[in-house]
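Quick look at protein-v9.tsv (TSV, C-alpha atoms):
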```tsv
chain	number	residue	atom	x	y	z
A	8	LYS	CA	46.05	-6.77	17.30
A	9	GLU	CA	45.43	-3.59	15.35
A	10	ASN	CA	46.59	-3.23	11.76
A	11	HIS	CA	48.57	-0.05	11.33
A	12	VAL	CA	48.74	1.93	8.11
A	13	THR	CA	52.22	1.50	6.62
A	14	ARG	CA	51.95	4.02	3.79
A	15	ARG	CA	49.78	6.74	2.36
A	16	MET	CA	47.05	5.87	-0.12
A	17	ARG	CA	48.05	6.23	-3.76
A	18	ILE	CA	45.97	6.86	-6.87
A	19	ASP	CA	46.55	3.25	-7.92
A	20	ASP	CA	44.77	2.08	-4.76
A	21	LEU	CA	41.45	3.50	-5.96
A	22	THR	CA	40.87	0.49	-8.23
A	23	ASP	CA	40.94	-1.76	-5.14
A	24	LEU	CA	38.25	0.17	-3.25
A	25	ALA	CA	34.66	-1.11	-3.08
A	26	VAL	CA	32.23	1.36	-1.53
A	27	PRO	CA	28.81	0.09	-0.31
A	28	SER	CA	25.68	2.27	-0.28
A	29	GLN	CA	21.87	2.22	-0.51
A	30	PRO	CA	21.23	-0.70	1.88
A	31	ALA	CA	17.77	-2.31	1.66
A	32	LEU	CA	16.66	-4.86	4.25
A	33	SER	CA	14.70	-7.89	3.04
A	34	PRO	CA	11.12	-8.28	4.37
A	35	ASP	CA	12.12	-11.15	6.66
A	36	GLY	CA	15.18	-9.28	7.91
A	37	ASP	CA	17.56	-12.09	6.89
A	38	ARG	CA	19.37	-10.31	4.05
A	39	VAL	CA	20.50	-6.89	2.91
A	40	ALA	CA	20.66	-5.77	-0.69
A	41	TYR	CA	23.04	-2.93	-1.41
A	42	VAL	CA	25.01	-1.15	-4.12
A	43	VAL	CA	28.76	-1.67	-4.43
A	44	ARG	CA	30.70	1.01	-6.32
A	45	THR	CA	34.07	0.18	-7.82
A	46	LEU	CA	36.31	1.96	-10.31
A	47	ASP	CA	36.92	0.73	-13.83
A	48	ALA	CA	40.28	2.36	-14.47
A	49	GLY	CA	40.45	1.20	-18.07
A	50	GLU	CA	37.16	2.91	-18.95
A	51	ASP	CA	37.66	5.74	-16.44
A	52	ARG	CA	34.23	5.30	-14.87
A	53	ASN	CA	32.47	4.15	-11.73
A	54	VAL	CA	30.71	0.77	-11.76
A	55	ASP	CA	27.62	0.22	-9.57
A	56	GLN	CA	26.30	-3.30	-9.03
A	57	LEU	CA	23.83	-4.92	-6.62
A	58	TRP	CA	24.98	-7.39	-4.00
A	59	THR	CA	23.26	-9.23	-1.15
A	60	VAL	CA	24.60	-10.50	2.17
A	61	PRO	CA	22.99	-12.30	5.14
A	62	THR	CA	22.38	-10.03	8.12
A	63	SER	CA	23.87	-12.74	10.34
A	64	GLY	CA	27.12	-12.46	8.42
A	65	GLY	CA	28.52	-14.55	5.63
A	66	THR	CA	29.80	-14.28	2.10
A	67	PRO	CA	28.36	-11.44	-0.03
A	68	ARG	CA	26.81	-12.47	-3.33
A	69	ARG	CA	26.73	-10.36	-6.48
A	70	LEU	CA	23.22	-10.06	-7.89
A	71	THR	CA	23.74	-7.93	-11.01
A	72	THR	CA	26.59	-7.36	-13.46
A	73	GLY	CA	25.57	-4.06	-15.07
A	74	ASN	CA	27.67	-0.93	-14.98
A	75	ALA	CA	25.09	1.29	-13.25
A	76	ASP	CA	22.58	-0.69	-11.17
A	77	THR	CA	21.11	1.21	-8.20
A	78	SER	CA	18.04	1.75	-5.98
A	79	PRO	CA	17.26	-1.81	-4.81
A	80	ALA	CA	13.72	-2.48	-3.57
A	81	TRP	CA	12.63	-5.92	-2.31
A	82	SER	CA	9.41	-7.66	-3.29
A	83	PRO	CA	7.21	-8.48	-0.26
A	84	ASP	CA	8.04	-12.20	-0.47
A	85	GLY	CA	11.78	-11.53	-0.76
A	86	SER	CA	12.14	-13.44	-4.04
A	87	ARG	CA	12.82	-10.45	-6.31
A	88	ILE	CA	14.45	-7.04	-6.21
A	89	ALA	CA	13.38	-4.09	-8.32
A	90	PHE	CA	16.12	-1.66	-9.31
A	91	VAL	CA	17.09	0.88	-11.94
A	92	ARG	CA	19.75	0.30	-14.59
A	93	GLU	CA	21.50	2.96	-16.63
A	94	THR	CA	22.86	1.69	-19.94
A	95	GLN	CA	25.78	2.90	-22.04
A	96	ASP	CA	23.42	4.84	-24.30
A	97	MET	CA	22.35	6.93	-21.27
A	98	ARG	CA	18.92	5.35	-20.83
A	99	VAL	CA	17.62	4.39	-17.40
A	100	TYR	CA	15.24	1.43	-17.10
A	101	LEU	CA	13.22	-0.17	-14.35
A	102	CYS	CA	14.29	-3.81	-13.93
A	103	VAL	CA	13.59	-6.77	-11.64
A	104	ALA	CA	16.15	-9.37	-10.56
A	105	ALA	CA	15.28	-12.83	-9.27
A	106	VAL	CA	17.26	-13.26	-6.06
A	107	ARG	CA	17.80	-17.02	-6.40
A	108	THR	CA	18.69	-17.22	-10.10
A	109	THR	CA	19.93	-13.60	-10.66
A	110	ARG	CA	17.84	-13.50	-13.84
A	111	ILE	CA	17.11	-9.90	-14.91
A	112	ARG	CA	13.89	-8.69	-16.49
A	113	ARG	CA	13.57	-5.17	-17.90
A	114	LEU	CA	10.14	-3.69	-17.26
A	115	THR	CA	10.24	-0.27	-18.93
A	116	ARG	CA	11.10	0.15	-22.60
A	117	THR	CA	10.46	3.82	-23.32
A	118	THR	CA	13.06	6.55	-23.69
A	119	GLU	CA	11.92	8.07	-20.39
A	120	TRP	CA	14.13	7.49	-17.37
A	121	ALA	CA	12.94	5.48	-14.37
A	122	ALA	CA	13.88	6.11	-10.73
A	123	SER	CA	12.97	5.32	-7.12
A	124	PRO	CA	11.14	1.96	-7.39
A	125	ALA	CA	8.89	0.99	-4.48
A	126	TRP	CA	7.15	-2.38	-4.30
A	127	ALA	CA	3.54	-2.48	-3.04
A	128	PRO	CA	3.07	-4.53	0.15
A	129	ASN	CA	0.58	-6.81	-1.64
A	130	GLY	CA	3.19	-7.53	-4.33
A	131	LYS	CA	0.89	-6.57	-7.20
A	132	SER	CA	2.44	-3.25	-8.26
A	133	ILE	CA	5.70	-1.36	-8.40
A	134	ALA	CA	5.58	2.41	-8.09
A	135	PHE	CA	8.35	4.47	-9.64
A	136	VAL	CA	9.19	7.92	-10.96
A	137	ARG	CA	9.19	8.62	-14.71
A	138	MET	CA	11.36	11.41	-16.07
A	139	PRO	CA	11.93	12.73	-19.58
A	140	VAL	CA	15.51	12.26	-20.74
A	141	ASN	CA	17.91	14.82	-19.22
A	142	SER	CA	15.21	16.19	-16.93
A	143	ASP	CA	14.77	16.06	-13.16
A	144	VAL	CA	10.99	16.62	-13.31
A	145	GLY	CA	9.76	13.22	-12.13
A	146	ARG	CA	6.15	12.05	-12.31
A	147	LEU	CA	4.48	9.22	-10.45
A	148	ALA	CA	3.67	5.93	-12.21
A	149	ILE	CA	2.90	2.31	-11.31
A	150	MET	CA	3.02	-0.98	-13.21
A	151	ARG	CA	2.70	-4.68	-12.53
A	152	PRO	CA	5.88	-6.67	-11.80
A	153	ASP	CA	5.58	-8.34	-15.21
A	154	GLY	CA	5.96	-4.95	-16.94
A	155	ARG	CA	2.30	-4.62	-17.91
A	156	GLY	CA	-0.44	-2.28	-16.77
A	157	LEU	CA	1.51	0.98	-16.77
A	158	ARG	CA	-0.49	3.81	-15.18
A	159	ASN	CA	0.48	7.44	-14.81
A	160	LEU	CA	-0.84	8.81	-11.53
A	161	ALA	CA	-1.53	12.53	-11.19
A	162	PRO	CA	0.32	13.45	-14.42
A	163	HIS	CA	-0.20	17.15	-13.62
A	164	LEU	CA	2.16	16.85	-10.65
A	165	GLY	CA	5.89	17.00	-11.27
A	166	ASP	CA	9.05	16.91	-9.15
A	167	VAL	CA	7.94	13.74	-7.33
A	168	VAL	CA	10.37	11.78	-5.12
A	169	ASP	CA	10.38	9.61	-1.94
A	170	LEU	CA	7.64	7.07	-2.73
A	171	SER	CA	6.04	5.18	0.16
A	172	TRP	CA	3.16	2.68	-0.01
A	173	SER	CA	0.43	2.45	2.61
A	174	PRO	CA	0.31	-0.94	4.40
A	175	ASP	CA	-2.91	-1.88	2.54
A	176	SER	CA	-1.41	-0.97	-0.88
A	177	ARG	CA	-4.30	1.42	-1.58
A	178	GLU	CA	-2.40	4.69	-1.31
A	179	LEU	CA	0.99	6.21	-2.00
A	180	ALA	CA	2.68	8.97	-0.08
A	181	PHE	CA	5.35	11.02	-1.79
A	182	THR	CA	7.34	14.21	-1.61
A	183	ARG	CA	6.87	16.94	-4.16
A	184	LYS	CA	9.53	19.58	-4.54
A	185	ILE	CA	7.78	22.94	-4.46
A	186	ARG	CA	10.72	25.30	-4.67
A	187	PRO	CA	12.24	26.50	-2.52
A	188	ASP	CA	10.72	23.91	-0.17
A	189	SER	CA	9.04	20.50	-0.47
A	190	GLU	CA	5.77	19.07	0.85
A	191	VAL	CA	4.33	15.59	1.45
A	192	PHE	CA	1.29	14.41	-0.50
A	193	ARG	CA	-0.79	11.26	-0.66
A	194	ILE	CA	-2.78	9.74	-3.52
A	195	ARG	CA	-5.44	7.02	-3.52
A	196	LEU	CA	-5.04	4.56	-6.37
A	197	SER	CA	-8.73	3.78	-6.85
A	198	ASP	CA	-9.77	7.22	-8.08
A	199	ASN	CA	-6.47	9.20	-7.95
A	200	PRO	CA	-7.46	12.06	-5.62
A	201	VAL	CA	-4.39	13.89	-4.32
A	202	ARG	CA	-4.22	15.31	-0.80
A	203	LYS	CA	-1.58	17.61	0.57
A	204	VAL	CA	-0.42	16.25	3.93
A	205	THR	CA	1.99	18.95	5.13
A	206	ARG	CA	1.74	22.72	4.93
A	207	ASN	CA	4.87	24.15	6.45
A	208	SER	CA	7.30	26.92	5.67
A	209	ILE	CA	10.15	24.40	5.75
A	210	SER	CA	10.91	21.35	3.62
A	211	ASP	CA	9.06	18.14	4.50
A	212	GLN	CA	10.21	14.92	2.88
A	213	ALA	CA	10.79	11.13	3.18
A	214	PRO	CA	7.25	10.07	4.22
A	215	ALA	CA	6.85	6.67	5.90
A	216	TRP	CA	3.56	5.00	6.86
A	217	GLY	CA	2.94	3.55	10.29
A	218	PRO	CA	2.18	-0.19	10.61
A	219	LYS	CA	-1.21	-1.53	9.59
A	220	PRO	CA	-3.59	-1.49	12.58
A	221	SER	CA	-4.21	-4.95	14.02
```
Represent the structure contained in this file as structure tokens.
Amino acid sequence: KENHVTRRMRIDDLTDLAVPSQPALSPDGDRVAYVVRTLDAGEDRNVDQLWTVPTSGGTPRRLTTGNADTSPAWSPDGSRIAFVRETQDMRVYLCVAAVRTTRIRRLTRTTEWAASPAWAPNGKSIAFVRMPVNSDVGRLAIMRPDGRGLRNLAPHLGDVVDLSWSPDSRELAFTRKIRPDSEVFRIRLSDNPVRKVTRNSISDQAPAWGPKPS
């Protein structure tokens, strides 16, 4: 039996809405991490938090309790999720949450903003975008999951987005916004040479590697 709408939506109903976005499938395909946005009417702001749910169905589970937690990225073994957290003082940090215990560890501690985390397939590194405060000029960086070993890759390149690891964890593909268009590049981590992959008169973006050859 269908449920029929009995009245129009009112402004007061907005506090009851929970809007999911940014789904990320776990490596084994058993769970989905995603962002749930709700409205804090008292503070007049949106609240973004990470949740997980089995792909077979079941009860969703809240993973984080921050006010602005987004961009979930699973570790290869499915035990942790990297994400970015914006704090009340307008700083944006790279963090990692343990899926089982929900314990949060903050990896970055500079005033620069972090964005777009991507976990290496071998589990040894997390790539992300570093941005000066109040700037959208992102630069590529990597660090270990314990927050050590920060490396800036190709610091001369700005406007970097859409990070994608090669299956062997030796290279990164990314999009660079070259206004008015964008192009795809790749960089090798061992010696940091950068290669331009696309050369079109239209925007190319969202690179994704094929599977590792058997």
Residues within 12 Å of Ser171 (chain A), only C-alpha atoms, excluding chain neighbours under 2 positions, as a PyMOL selection string: chain A and resi 80+123-128+133-136+147+167-169+173-182+191-194+212-217
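As for CA of Thr72 (chain A) and CA of Ser132 (chain A), they are spaced 25.0 Å apart.
Near region 156-164 of chain A, within a cut-off of 9 Å and counting all atoms listed in the file, sit the residues Arg137, Gly145, Arg146, Leu147, Ala148, Ile149, Met150, Arg151, Asp153, Gly154, Asp166, Val167, Arg183, Ile194, Leu196, Asn199, Pro200 and Val201 of chain A, with same-chain residues fewer than 2 positions away left out.
For the choices A:Met97, A:Leu46, A:Ala105, A:Leu57, the atom-to-atom distance to Pro79 (chain A) is smallest for A:Leu57 when using only C-alpha atoms.
Counting all atoms listed in the file, the residue from A:Lys131, A:Arg69, A:Lys219, A:Arg155 that sits nearest to Thr108 (chain A) is A:Arg69.
Note that CA of Trp58 (chain A) and CA of Phe90 (chain A) are 11.8 Å apart.
Using only C-alpha atoms, the shortest contact distance between Leu170 (chain A) and any of A:Gly65, A:Val91, A:Ala122, A:Gly85 is found at A:Ala122.
As for CA of Val99 (chain A) and CA of Trp120 (chain A), they are spaced 4.7 Å apart.
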Shell around Arg113 (chain A) at 8 Å using all atoms listed in the file, local window under 3 positions removed, as a PDB file with C-alpha atoms, in the frame of the given file:
```pdb
ATOM      1  CA  TYR A 100      15.240   1.430 -17.100  1.00  0.00           C
ATOM      2  CA  LEU A 101      13.220  -0.170 -14.350  1.00  0.00           C
ATOM      3  CA  CYS A 102      14.290  -3.810 -13.930  1.00  0.00           C
ATOM      4  CA  VAL A 103      13.590  -6.770 -11.640  1.00  0.00           C
ATOM      5  CA  ARG A 116      11.100   0.150 -22.600  1.00  0.00           C
ATOM      6  CA  GLY A 154       5.960  -4.950 -16.940  1.00  0.00           C
TER       7      GLY A 154
END
```
Please define a box with edges along x, y and z of the file around all atoms of region 170-174 of chain A given in the file, extend it by 8 Å on each side, and return its centre and edge lengths in Å to one decimal, as JSON.
```
{"center_x": 4.0, "center_y": 3.1, "center_z": 0.8, "size_x": 23.3, "size_y": 24.0, "size_z": 23.1}
```
Radius query 8 Å about (21.7, -6.2, 4.5), atoms used: all atoms listed in the file, as JSON, numbers by chain: {"A": [30, 31, 32, 33, 36, 37, 38, 39, 40, 41, 59, 60, 61, 62]}
Give as an mmCIF file with C-alpha atoms, in the frame of the given file every residue, naming chains and numbers as the document does, that has an atom within 12 Å of (10.5, -17.3, -7.3), counting all atoms listed in the file.
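Full text of result-v8.cif as output:
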```cif
data_model
loop_
_atom_site.group_PDB
_atom_site.id
_atom_site.type_symbol
_atom_site.label_atom_id
_atom_site.label_comp_id
_atom_site.auth_asym_id
_atom_site.auth_seq_id
_atom_site.Cartn_x
_atom_site.Cartn_y
_atom_site.Cartn_z
ATOM 1 C CA SER A 82 9.410 -7.660 -3.290
ATOM 2 C CA PRO A 83 7.210 -8.480 -0.260
ATOM 3 C CA ASP A 84 8.040 -12.200 -0.470
ATOM 4 C CA GLY A 85 11.780 -11.530 -0.760
ATOM 5 C CA SER A 86 12.140 -13.440 -4.040
ATOM 6 C CA ARG A 87 12.820 -10.450 -6.310
ATOM 7 C CA ILE A 88 14.450 -7.040 -6.210
ATOM 8 C CA VAL A 103 13.590 -6.770 -11.640
ATOM 9 C CA ALA A 104 16.150 -9.370 -10.560
ATOM 10 C CA ALA A 105 15.280 -12.830 -9.270
ATOM 11 C CA VAL A 106 17.260 -13.260 -6.060
ATOM 12 C CA ARG A 107 17.800 -17.020 -6.400
ATOM 13 C CA THR A 108 18.690 -17.220 -10.100
ATOM 14 C CA THR A 109 19.930 -13.600 -10.660
ATOM 15 C CA ARG A 110 17.840 -13.500 -13.840
#
```
